[in-house]
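S.K.: Dropping in entry-v4.pdb, which is PDB, C-alpha atoms:
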ATOM      1  CA  MET U   1     -26.210  -0.728  19.216
ATOM      2  CA  ALA U   2     -29.615  -2.011  18.123
ATOM      3  CA  ARG U   3     -29.559  -4.195  15.033
ATOM      4  CA  GLY U   4     -32.156  -5.262  12.529
ATOM      5  CA  PRO U   5     -33.222  -4.839   8.891
ATOM      6  CA  GLY U   6     -30.840  -2.650   6.963
ATOM      7  CA  MET U   7     -27.688  -3.963   8.632
ATOM      8  CA  GLY U   8     -26.573  -6.571   6.144
ATOM      9  CA  ASP U   9     -29.578  -8.897   6.020
ATOM     10  CA  GLY U  10     -31.076  -7.970   2.636
ATOM     11  CA  ILE U  11     -32.319  -4.833   0.936
ATOM     12  CA  ALA U  12     -33.734  -2.381   3.446
ATOM     13  CA  HIS U  13     -36.335   0.243   2.639
ATOM     14  CA  GLY U  14     -37.565   3.301   4.430
ATOM     15  CA  GLY U  15     -40.997   3.415   5.989
ATOM     16  CA  ASP U  16     -40.772   0.049   7.768
ATOM     17  CA  LEU U  17     -42.210   0.984  11.149
ATOM     18  CA  ASP U  18     -42.656  -2.696  12.039
ATOM     19  CA  ALA U  19     -38.856  -2.957  11.933
ATOM     20  CA  ALA U  20     -38.568   0.228  13.972
ATOM     21  CA  ARG U  21     -40.804  -1.169  16.686
ATOM     22  CA  ARG U  22     -38.801  -4.389  16.809
ATOM     23  CA  LEU U  23     -35.599  -2.383  17.200
ATOM     24  CA  PHE U  24     -37.023  -0.013  19.808
ATOM     25  CA  PRO U  25     -39.963  -1.703  21.562
ATOM     26  CA  GLN U  26     -39.992   0.895  24.356
ATOM     27  CA  ALA U  27     -39.927   3.913  22.028
ATOM     28  CA  LEU U  28     -42.344   6.782  22.371
ATOM     29  CA  GLU U  29     -45.484   6.509  20.252
ATOM     30  CA  PRO U  30     -46.661   7.610  17.787
ATOM     31  CA  TRP U  31     -43.591   7.147  15.644
ATOM     32  CA  LEU U  32     -42.232  10.033  13.604
ATOM     33  CA  ASP U  33     -41.147   8.312  10.405
ATOM     34  CA  LEU U  34     -38.312  10.241   8.758
ATOM     35  CA  SER U  35     -36.869   7.162   7.048
ATOM     36  CA  THR U  36     -38.367   7.885   3.607
ATOM     37  CA  GLY U  37     -38.045  10.593   0.964
ATOM     38  CA  ILE U  38     -41.799  11.091   0.643
ATOM     39  CA  ASN U  39     -43.266  14.585   0.670
ATOM     40  CA  PRO U  40     -44.646  15.026   4.218
ATOM     41  CA  VAL U  41     -47.265  17.539   2.998
ATOM     42  CA  PRO U  42     -49.397  15.498   0.602
ATOM     43  CA  TYR U  43     -51.465  16.622  -2.324
ATOM     44  CA  PRO U  44     -55.099  17.157  -1.271
ATOM     45  CA  CYS U  45     -56.895  14.242  -2.862
ATOM     46  CA  PRO U  46     -60.050  15.186  -4.752
ATOM     47  CA  ALA U  47     -63.376  13.635  -3.854
ATOM     48  CA  LEU U  48     -63.876  10.529  -5.990
ATOM     49  CA  ASP U  49     -67.073   9.201  -7.471
ATOM     50  CA  ALA U  50     -67.986   5.862  -5.940
ATOM     51  CA  SER U  51     -67.872   4.293  -9.400
ATOM     52  CA  ALA U  52     -64.059   4.627  -9.368
ATOM     53  CA  PHE U  53     -64.023   1.875  -6.731
ATOM     54  CA  ARG U  54     -66.735  -0.296  -8.261
ATOM     55  CA  ARG U  55     -65.926  -0.564 -11.955
ATOM     56  CA  LEU U  56     -62.867  -1.604 -13.880
ATOM     57  CA  PRO U  57     -60.798   1.330 -15.169
ATOM     58  CA  SER U  58     -61.581   2.243 -18.764
ATOM     59  CA  ALA U  59     -59.221   2.968 -21.631
ATOM     60  CA  ALA U  60     -60.428   6.571 -21.488
ATOM     61  CA  ASP U  61     -59.461   6.812 -17.806
ATOM     62  CA  LEU U  62     -55.982   5.528 -18.561
ATOM     63  CA  GLY U  63     -55.661   7.807 -21.579
ATOM     64  CA  ALA U  64     -56.563  10.853 -19.480
ATOM     65  CA  LEU U  65     -53.893   9.975 -16.932
ATOM     66  CA  ARG U  66     -51.256   9.447 -19.623
ATOM     67  CA  ALA U  67     -52.137  12.796 -21.198
ATOM     68  CA  ALA U  68     -51.762  14.533 -17.822
ATOM     69  CA  ALA U  69     -48.431  12.782 -17.250
ATOM     70  CA  ALA U  70     -47.210  13.753 -20.722
ATOM     71  CA  ASP U  71     -47.979  17.396 -20.003
ATOM     72  CA  ALA U  72     -46.370  17.282 -16.529
ATOM     73  CA  TYR U  73     -43.199  15.565 -17.764
ATOM     74  CA  GLY U  74     -42.848  17.469 -21.032
ATOM     75  CA  VAL U  75     -43.415  14.417 -23.248
ATOM     76  CA  ALA U  76     -44.762  15.237 -26.697
ATOM     77  CA  ASP U  77     -46.668  11.983 -27.239
ATOM     78  CA  PRO U  78     -48.631  10.092 -24.537
ATOM     79  CA  ASP U  79     -47.826   6.893 -26.454
ATOM     80  CA  ARG U  80     -44.325   7.282 -25.007
ATOM     81  CA  ILE U  81     -45.691   6.815 -21.467
ATOM     82  CA  VAL U  82     -46.777   3.716 -19.582
ATOM     83  CA  ALA U  83     -48.458   3.964 -16.184
ATOM     84  CA  ALA U  84     -47.800   1.330 -13.547
ATOM     85  CA  PRO U  85     -48.719   0.577  -9.920
ATOM     86  CA  GLY U  86     -45.544   2.265  -8.674
ATOM     87  CA  THR U  87     -42.069   2.528 -10.185
ATOM     88  CA  GLN U  88     -40.856  -0.526  -8.271
ATOM     89  CA  ILE U  89     -42.756  -2.869 -10.583
ATOM     90  CA  LEU U  90     -41.175  -1.074 -13.569
ATOM     91  CA  ILE U  91     -37.716  -1.500 -12.046
ATOM     92  CA  GLU U  92     -38.492  -5.203 -11.712
ATOM     93  CA  THR U  93     -40.105  -5.657 -15.138
ATOM     94  CA  LEU U  94     -37.751  -3.745 -17.435
ATOM     95  CA  PRO U  95     -34.741  -6.085 -17.020
ATOM     96  CA  ARG U  96     -36.909  -9.041 -18.071
ATOM     97  CA  LEU U  97     -37.546  -7.398 -21.433
ATOM     98  CA  VAL U  98     -33.868  -6.874 -22.256
ATOM     99  CA  THR U  99     -31.588  -9.530 -23.719
ATOM    100  CA  ARG U 100     -28.958 -10.583 -21.202
ATOM    101  CA  ALA U 101     -26.406  -7.829 -21.036
ATOM    102  CA  ARG U 102     -23.586  -6.198 -19.110
ATOM    103  CA  VAL U 103     -25.214  -3.689 -16.781
ATOM    104  CA  ALA U 104     -23.551  -0.850 -14.875
ATOM    105  CA  VAL U 105     -25.443   0.812 -12.026
ATOM    106  CA  VAL U 106     -23.988   4.142 -10.898
ATOM    107  CA  GLY U 107     -23.839   3.909  -7.141
ATOM    108  CA  PRO U 108     -24.179   3.775  -4.299
ATOM    109  CA  THR U 109     -27.861   4.254  -5.041
ATOM    110  CA  TYR U 110     -31.295   2.685  -4.674
ATOM    111  CA  ALA U 111     -30.387  -0.974  -4.280
ATOM    112  CA  GLU U 112     -33.394  -2.443  -6.100
ATOM    113  CA  HIS U 113     -31.975  -1.454  -9.486
ATOM    114  CA  ALA U 114     -28.924  -3.716  -9.300
ATOM    115  CA  ALA U 115     -30.943  -6.468  -7.616
ATOM    116  CA  ALA U 116     -33.622  -6.476 -10.323
ATOM    117  CA  TRP U 117     -31.131  -6.675 -13.192
ATOM    118  CA  ALA U 118     -29.228  -9.460 -11.407
ATOM    119  CA  ARG U 119     -32.428 -11.440 -10.779
ATOM    120  CA  ALA U 120     -33.180 -11.261 -14.499
ATOM    121  CA  GLY U 121     -29.848 -12.926 -15.285
ATOM    122  CA  HIS U 122     -27.773  -9.913 -16.316
ATOM    123  CA  ALA U 123     -24.130  -9.365 -15.337
ATOM    124  CA  VAL U 124     -24.294  -6.360 -13.000
ATOM    125  CA  VAL U 125     -21.535  -4.126 -11.662
ATOM    126  CA  THR U 126     -21.784  -1.012  -9.525
ATOM    127  CA  VAL U 127     -19.606   1.853 -10.739
ATOM    128  CA  PRO U 128     -18.802   5.207  -9.116
ATOM    129  CA  GLY U 129     -19.578   7.341 -12.164
ATOM    130  CA  LEU U 130     -20.658   7.407 -15.787
ATOM    131  CA  GLY U 131     -17.087   7.279 -17.046
ATOM    132  CA  ALA U 132     -16.649   3.817 -15.591
ATOM    133  CA  ALA U 133     -19.744   2.529 -17.420
ATOM    134  CA  ARG U 134     -18.643   3.074 -21.008
ATOM    135  CA  ASP U 135     -17.938  -0.580 -21.826
ATOM    136  CA  THR U 136     -21.332  -1.919 -20.733
ATOM    137  CA  ASP U 137     -24.573  -2.476 -22.610
ATOM    138  CA  VAL U 138     -26.998  -0.991 -20.087
ATOM    139  CA  VAL U 139     -26.360   1.910 -17.714
ATOM    140  CA  VAL U 140     -28.639   2.784 -14.802
ATOM    141  CA  VAL U 141     -28.383   6.182 -13.132
ATOM    142  CA  VAL U 142     -30.647   7.791 -10.520
ATOM    143  CA  ASN U 143     -30.881  11.545 -11.122
ATOM    144  CA  PRO U 144     -30.914  13.133  -8.594
ATOM    145  CA  ASN U 145     -29.294  10.248  -6.789
ATOM    146  CA  ASN U 146     -30.588   8.620  -3.643
ATOM    147  CA  PRO U 147     -29.088   8.974  -1.040
ATOM    148  CA  ASP U 148     -26.425  11.597  -1.825
ATOM    149  CA  GLY U 149     -28.329  13.875  -4.207
ATOM    150  CA  ARG U 150     -25.733  13.790  -6.998
ATOM    151  CA  THR U 151     -27.011  15.070 -10.333
ATOM    152  CA  TRP U 152     -25.919  14.734 -13.946
ATOM    153  CA  GLU U 153     -26.361  17.238 -16.751
ATOM    154  CA  ALA U 154     -29.123  16.358 -19.185
ATOM    155  CA  GLY U 155     -26.765  16.844 -22.118
ATOM    156  CA  THR U 156     -24.320  14.334 -20.662
ATOM    157  CA  LEU U 157     -27.075  11.787 -20.230
ATOM    158  CA  ARG U 158     -28.448  12.348 -23.739
ATOM    159  CA  ALA U 159     -24.978  11.833 -25.202
ATOM    160  CA  LEU U 160     -24.591   8.590 -23.263
ATOM    161  CA  ALA U 161     -28.033   7.404 -24.417
ATOM    162  CA  ASN U 162     -27.084   8.121 -28.035
ATOM    163  CA  ASP U 163     -23.828   6.211 -27.628
ATOM    164  CA  LEU U 164     -25.599   3.222 -26.079
ATOM    165  CA  ALA U 165     -28.352   3.267 -28.712
ATOM    166  CA  GLY U 166     -25.735   3.138 -31.449
ATOM    167  CA  ARG U 167     -24.624  -0.250 -30.200
ATOM    168  CA  GLY U 168     -28.032  -1.604 -29.193
ATOM    169  CA  GLY U 169     -27.756  -0.597 -25.554
ATOM    170  CA  LEU U 170     -29.974   1.260 -23.112
ATOM    171  CA  LEU U 171     -29.706   4.080 -20.576
ATOM    172  CA  VAL U 172     -32.169   3.905 -17.678
ATOM    173  CA  VAL U 173     -32.564   7.208 -15.821
ATOM    174  CA  ASP U 174     -34.581   7.056 -12.611
ATOM    175  CA  GLU U 175     -35.945  10.559 -12.005
ATOM    176  CA  ALA U 176     -37.907   9.569  -8.903
ATOM    177  CA  PHE U 177     -36.884  12.729  -7.029
ATOM    178  CA  ALA U 178     -36.727  15.144  -9.985
ATOM    179  CA  ASP U 179     -40.165  16.763  -9.813
ATOM    180  CA  LEU U 180     -39.308  19.378  -7.178
ATOM    181  CA  GLU U 181     -35.649  19.886  -8.101
ATOM    182  CA  PRO U 182     -34.119  22.656 -10.277
ATOM    183  CA  ILE U 183     -32.691  20.244 -12.849
ATOM    184  CA  GLU U 184     -33.364  19.610 -16.526
ATOM    185  CA  THR U 185     -35.255  16.358 -16.932
ATOM    186  CA  LEU U 186     -35.269  14.061 -19.948
ATOM    187  CA  GLY U 187     -38.969  13.736 -20.739
ATOM    188  CA  PRO U 188     -38.823  16.412 -23.472
ATOM    189  CA  SER U 189     -35.892  14.729 -25.233
ATOM    190  CA  LEU U 190     -36.765  11.047 -25.322
ATOM    191  CA  GLY U 191     -35.110   9.024 -28.042
ATOM    192  CA  PRO U 192     -33.656   5.614 -28.867
ATOM    193  CA  GLY U 193     -31.628   4.005 -26.125
ATOM    194  CA  LEU U 194     -33.320   5.905 -23.287
ATOM    195  CA  VAL U 195     -35.993   5.051 -20.729
ATOM    196  CA  VAL U 196     -36.924   7.403 -17.905
ATOM    197  CA  LEU U 197     -38.708   6.380 -14.692
ATOM    198  CA  ARG U 198     -40.890   8.836 -12.780
ATOM    199  CA  SER U 199     -42.383   8.380  -9.311
ATOM    200  CA  PHE U 200     -45.746   9.830  -8.297
ATOM    201  CA  GLY U 201     -45.969   8.963  -4.599
ATOM    202  CA  LYS U 202     -42.788  10.714  -3.473
ATOM    203  CA  THR U 203     -43.591  14.090  -5.001
ATOM    204  CA  TYR U 204     -47.242  14.153  -4.024
ATOM    205  CA  GLY U 205     -46.880  12.483  -0.618
ATOM    206  CA  LEU U 206     -49.251   9.697  -1.688
ATOM    207  CA  ALA U 207     -47.047   6.610  -1.731
ATOM    208  CA  GLY U 208     -49.978   4.346  -0.894
ATOM    209  CA  ILE U 209     -51.652   5.231  -4.195
ATOM    210  CA  ARG U 210     -48.966   3.122  -5.948
ATOM    211  CA  LEU U 211     -48.444   4.987  -9.188
ATOM    212  CA  GLY U 212     -45.400   5.463 -11.385
ATOM    213  CA  PHE U 213     -44.440   5.912 -15.026
ATOM    214  CA  ALA U 214     -41.894   4.833 -17.618
ATOM    215  CA  LEU U 215     -41.139   7.190 -20.502
ATOM    216  CA  GLY U 216     -39.471   5.912 -23.630
ATOM    217  CA  GLU U 217     -39.734   4.782 -27.218
ATOM    218  CA  PRO U 218     -43.258   3.587 -28.163
ATOM    219  CA  GLY U 219     -42.087   0.015 -28.775
ATOM    220  CA  LEU U 220     -40.497  -0.351 -25.342
ATOM    221  CA  VAL U 221     -43.442   1.389 -23.671
ATOM    222  CA  ALA U 222     -45.842  -1.009 -25.375
ATOM    223  CA  ALA U 223     -43.765  -4.002 -24.251
ATOM    224  CA  LEU U 224     -43.848  -2.765 -20.661
ATOM    225  CA  ALA U 225     -47.609  -2.231 -20.847
ATOM    226  CA  GLU U 226     -48.107  -5.756 -22.173
ATOM    227  CA  ALA U 227     -45.931  -7.197 -19.408
ATOM    228  CA  LEU U 228     -47.912  -5.342 -16.752
ATOM    229  CA  GLY U 229     -51.220  -6.617 -18.134
ATOM    230  CA  PRO U 230     -54.663  -5.015 -18.220
ATOM    231  CA  TRP U 231     -55.954  -2.740 -15.440
ATOM    232  CA  ALA U 232     -52.509  -2.424 -13.896
ATOM    233  CA  VAL U 233     -53.432   0.893 -12.256
ATOM    234  CA  SER U 234     -56.549   1.146 -10.103
ATOM    235  CA  GLY U 235     -59.419   3.482 -10.875
ATOM    236  CA  PRO U 236     -58.847   5.672  -7.791
ATOM    237  CA  ALA U 237     -55.143   5.969  -8.635
ATOM    238  CA  LEU U 238     -55.982   7.013 -12.198
ATOM    239  CA  ALA U 239     -58.324   9.746 -10.968
ATOM    240  CA  ILE U 240     -56.060  11.088  -8.219
ATOM    241  CA  GLY U 241     -53.003  10.912 -10.450
ATOM    242  CA  ARG U 242     -54.721  12.848 -13.231
ATOM    243  CA  ALA U 243     -55.802  15.610 -10.832
ATOM    244  CA  ALA U 244     -52.403  15.941  -9.174
ATOM    245  CA  LEU U 245     -50.341  15.829 -12.349
ATOM    246  CA  SER U 246     -52.546  18.541 -13.849
ATOM    247  CA  ASP U 247     -51.887  20.880 -10.909
ATOM    248  CA  ALA U 248     -48.689  22.710 -11.879
ATOM    249  CA  PRO U 249     -49.206  25.562  -9.347
ATOM    250  CA  TRP U 250     -49.271  23.042  -6.494
ATOM    251  CA  ARG U 251     -45.975  21.555  -7.710
ATOM    252  CA  ARG U 252     -44.337  24.975  -7.860
ATOM    253  CA  GLU U 253     -45.483  25.861  -4.352
ATOM    254  CA  ALA U 254     -44.376  22.466  -3.024
ATOM    255  CA  ALA U 255     -40.917  22.878  -4.571
ATOM    256  CA  THR U 256     -40.433  26.243  -2.860
ATOM    257  CA  ALA U 257     -41.718  25.080   0.512
ATOM    258  CA  ARG U 258     -39.807  21.802   0.599
ATOM    259  CA  ALA U 259     -36.557  23.516  -0.444
ATOM    260  CA  ALA U 260     -36.954  25.824   2.570
ATOM    261  CA  ASP U 261     -37.608  22.797   4.784
ATOM    262  CA  ALA U 262     -34.492  21.050   3.468
ATOM    263  CA  ALA U 263     -32.358  24.105   4.258
ATOM    264  CA  ARG U 264     -33.826  24.192   7.769
ATOM    265  CA  LEU U 265     -32.998  20.522   8.248
ATOM    266  CA  ASP U 266     -29.414  21.092   7.112
ATOM    267  CA  ARG U 267     -29.049  23.786   9.773
ATOM    268  CA  MET U 268     -30.301  21.379  12.431
ATOM    269  CA  ILE U 269     -27.880  18.689  11.229
ATOM    270  CA  LEU U 270     -24.958  21.119  11.424
ATOM    271  CA  ARG U 271     -25.984  22.179  14.928
ATOM    272  CA  ALA U 272     -25.912  18.517  15.970
ATOM    273  CA  GLY U 273     -22.338  18.106  14.706
ATOM    274  CA  GLY U 274     -23.250  16.447  11.417
ATOM    275  CA  THR U 275     -21.775  17.091   7.994
ATOM    276  CA  PRO U 276     -24.436  17.308   5.275
ATOM    277  CA  ILE U 277     -23.284  15.499   2.136
ATOM    278  CA  GLY U 278     -26.311  16.206  -0.029
ATOM    279  CA  GLY U 279     -29.801  15.045  -0.810
ATOM    280  CA  THR U 280     -32.873  16.583  -2.395
ATOM    281  CA  CYS U 281     -35.580  18.861  -1.085
ATOM    282  CA  LEU U 282     -37.382  15.730   0.211
ATOM    283  CA  PHE U 283     -34.467  14.219   2.175
ATOM    284  CA  ARG U 284     -31.061  15.162   3.540
ATOM    285  CA  THR U 285     -28.098  12.850   4.065
ATOM    286  CA  ALA U 286     -25.286  13.543   6.514
ATOM    287  CA  ASP U 287     -22.302  11.985   8.249
ATOM    288  CA  PHE U 288     -22.006  12.090  12.043
ATOM    289  CA  PRO U 289     -19.123  11.327  14.421
ATOM    290  CA  ASP U 290     -21.394   8.885  16.287
ATOM    291  CA  ALA U 291     -24.115   8.004  13.789
ATOM    292  CA  PRO U 292     -24.948   4.624  15.423
ATOM    293  CA  GLY U 293     -25.421   6.324  18.791
ATOM    294  CA  LEU U 294     -27.553   9.076  17.250
ATOM    295  CA  PHE U 295     -29.663   6.469  15.443
ATOM    296  CA  ASP U 296     -30.314   4.803  18.798
ATOM    297  CA  ARG U 297     -31.166   8.073  20.545
ATOM    298  CA  LEU U 298     -33.568   8.999  17.788
ATOM    299  CA  GLY U 299     -35.127   5.533  17.851
ATOM    300  CA  ALA U 300     -35.631   5.621  21.613
ATOM    301  CA  ALA U 301     -37.467   8.914  21.098
ATOM    302  CA  GLY U 302     -39.724   7.320  18.469
ATOM    303  CA  ILE U 303     -38.010   8.951  15.482
ATOM    304  CA  TYR U 304     -37.018   6.588  12.683
ATOM    305  CA  VAL U 305     -34.331   7.625  10.187
ATOM    306  CA  ARG U 306     -32.478   5.707   7.514
ATOM    307  CA  ARG U 307     -29.062   4.163   8.177
ATOM    308  CA  PHE U 308     -26.701   2.424   5.756
ATOM    309  CA  ALA U 309     -24.933  -0.856   6.446
ATOM    310  CA  GLY U 310     -22.040  -0.017   4.137
ATOM    311  CA  THR U 311     -21.560   3.501   5.503
ATOM    312  CA  PRO U 312     -22.142   3.352   9.261
ATOM    313  CA  ALA U 313     -21.296   7.041   9.798
ATOM    314  CA  ARG U 314     -24.166   8.096   7.512
ATOM    315  CA  LEU U 315     -27.847   8.798   8.206
ATOM    316  CA  ARG U 316     -30.625  10.034   5.944
ATOM    317  CA  PHE U 317     -33.460  12.214   7.219
ATOM    318  CA  GLY U 318     -36.811  12.841   5.629
ATOM    319  CA  LEU U 319     -38.668  16.081   6.349
ATOM    320  CA  PRO U 320     -40.904  16.522   9.412
ATOM    321  CA  PRO U 321     -44.521  17.230   8.470
ATOM    322  CA  ASP U 322     -45.470  19.949  10.971
ATOM    323  CA  LYS U 323     -44.325  22.202  13.831
ATOM    324  CA  ALA U 324     -44.727  19.533  16.493
ATOM    325  CA  ALA U 325     -42.602  17.077  14.492
ATOM    326  CA  TRP U 326     -39.896  19.695  13.892
ATOM    327  CA  CYS U 327     -39.764  20.416  17.619
ATOM    328  CA  ARG U 328     -39.560  16.712  18.431
ATOM    329  CA  LEU U 329     -36.596  16.255  16.088
ATOM    330  CA  SER U 330     -34.937  19.414  17.363
ATOM    331  CA  ARG U 331     -34.870  18.043  20.896
ATOM    332  CA  ILE U 332     -32.539  15.264  19.714
ATOM    333  CA  LEU U 333     -30.520  17.185  17.120
ATOM    334  CA  ARG U 334     -29.009  19.724  19.482
TER     335      ARG U 334
END
Taking this structure as input, can you express it in the form of structure tokens?
M.R.:
Amino acid sequence: MARGPGMGDGIAHGGDLDAARRLFPQALEPWLDLSTGINPVPYPCPALDASAFRRLPSAADLGALRAAAADAYGVADPDRIVAAPGTQILIETLPRLVTRARVAVVGPTYAEHAAAWARAGHAVVTVPGLGAARDTDVVVVVNPNNPDGRTWEAGTLRALANDLAGRGGLLVVDEAFADLEPIETLGPSLGPGLVVLRSFGKTYGLAGIRLGFALGEPGLVAALAEALGPWAVSGPALAIGRAALSDAPWRREAATARAADAARLDRMILRAGGTPIGGTCLFRTADFPDAPGLFDRLGAAGIYVRRFAGTPARLRFGLPPDKAAWCRLSRILR
């Protein structure tokens, strides 16, 4: 079986087509990248004034984006929102603002959470569920979870945040994949002991924009903003983000369409002998009797999916973007 990044040599991420080409140098081109959970049908970017590229972003530009984000995420006060060049920098920055603590990350999940808290000097453990995290100071949960799609009730998370706040702790809820899912999110009920992370690029299919948000108490939000520094988000990202976040009809249509795509992908996985274990409407995760062999067959055909070093029977599939891509995947999953 081909080997490379993602098989025990550090944290692997989807979207690394350089790694795919090293693994499968004879693969068909162009590559069909299904290794991410990014919406394959992106938001139509508005035309931007040339000044967005020439001048530094203004406070008014940032304020307009934060207001749009507050409305989209149900946050009463834009002062409870900080914008950043992607959620990854927030995942990296937040642990540096917290006094060294005992941190529980509910997993398996996005590996950068545990890595970031460990790099900042915290004592980190991975736990299988919220019940196993009760004796820690900080709890990190991804809702819905990546890669298995597990979800937690908002009331359960609010109760945990209240418990942690009562003893000076913190609950971090990463809602990166929540925008298109039928779950109750925590933006409308922010309070002490809670910070929520929201991704822009996944939902809107514009990962290269590099835009994300943290929602929380004004003091913590201000500390994050200070740590990020001035002009953290580019002018074009501010403008595109404001337009997209203000477009609720587009989000509703995307949620319906991507849910149908996810159901279609599950049917293909079942036809290929796989067992779907979950996911979101932007990715599906499944176990296969011969996942390593299927990974290789897909790679040889120029289709890159996500594999997991700790669970070799498991693969994660993003959604194909169009009819030709669906047909290409179907030829392997049969």
S.K.: So what does the PyMOL selection byres ((chain U and resi 332) around 10) actually pick up in this one, as a short mmCIF file (atom, residue, chain, number, x, y, z; two decimals) with C-alpha atoms, in the coordinates of the input?
M.R.:
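File produced: expr25.cif:
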data_model
loop_
_atom_site.label_atom_id
_atom_site.label_comp_id
_atom_site.auth_asym_id
_atom_site.auth_seq_id
_atom_site.Cartn_x
_atom_site.Cartn_y
_atom_site.Cartn_z
CA MET U 268 -30.30 21.38 12.43
CA ALA U 272 -25.91 18.52 15.97
CA LEU U 294 -27.55 9.08 17.25
CA ARG U 297 -31.17 8.07 20.54
CA LEU U 298 -33.57 9.00 17.79
CA ALA U 301 -37.47 8.91 21.10
CA ILE U 303 -38.01 8.95 15.48
CA CYS U 327 -39.76 20.42 17.62
CA ARG U 328 -39.56 16.71 18.43
CA LEU U 329 -36.60 16.26 16.09
CA SER U 330 -34.94 19.41 17.36
CA ARG U 331 -34.87 18.04 20.90
CA LEU U 333 -30.52 17.18 17.12
CA ARG U 334 -29.01 19.72 19.48
#
S.K.: I would like the residues chosen by the PyMOL selection byres ((chain U and resi 217) around 12) on the shown file; could you give them as a list of chain:residue names?
M.R.: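 Taken on the displayed file, the PyMOL selection byres ((chain U and resi 217) around 12) yields the residues U:Val75, U:Ala76, U:Asp77, U:Pro78, U:Asp79, U:Arg80, U:Ile81, U:Val82, U:Ala165, U:Leu170, U:Gly187, U:Ser189, U:Leu190, U:Gly191, U:Pro192, U:Gly193, U:Leu194, U:Val195, U:Val196, U:Ala214, U:Leu215, U:Gly216, U:Pro218, U:Gly219, U:Leu220, U:Val221, U:Ala222, U:Ala223, U:Leu224.
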S.K.: Expand the PyMOL selection byres ((chain U and resi 52) around 12) into the individual residues it matches in the shown file, reporting them as a PyMOL selection string.
M.R.: chain U and resi 47-51+53-58+61+233-240
S.K.: Taking all atoms listed in the file into account, which of U:Tyr204, U:Phe295, U:Trp152, U:Trp231 comes nearest U:Asp247?
M.R.: U:Tyr204
S.K.: Between U:Val141, U:Ile91, U:Arg134, U:Arg21, which one has atoms that come closest to U:Ala118, using only C-alpha atoms?
M.R.: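 Result for the nearest residue to U:Ala118: U:Ile91.
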S.K.: Identify which of the residues U:Gly86, U:Pro292, U:Gly302, U:Pro312 lies closest to U:Ala325, counting all atoms listed in the file when measuring atom-to-atom distances.
M.R.: U:Gly302
S.K.: Calculated over all atoms listed in the file, which of the candidates U:Arg158, U:Arg66, U:His13, U:Arg167 has the smallest distance to U:Ser246?
M.R.: U:Arg66
S.K.: How far is it from atom CA of U:Leu171 to atom CA of U:Leu197, in Å with one decimal?
M.R.: 11.0 Å
S.K.: Return the single residue from U:Ala132, U:Trp326, U:Asp296, U:Ala248 that is closest to U:Arg264, with distances computed using only C-alpha atoms.
M.R.: U:Trp326
S.K.: Record the distance separating atom CA of U:Tyr73 and atom CA of U:Gly15, expressed in Å with one decimal.
M.R.: 26.8 Å
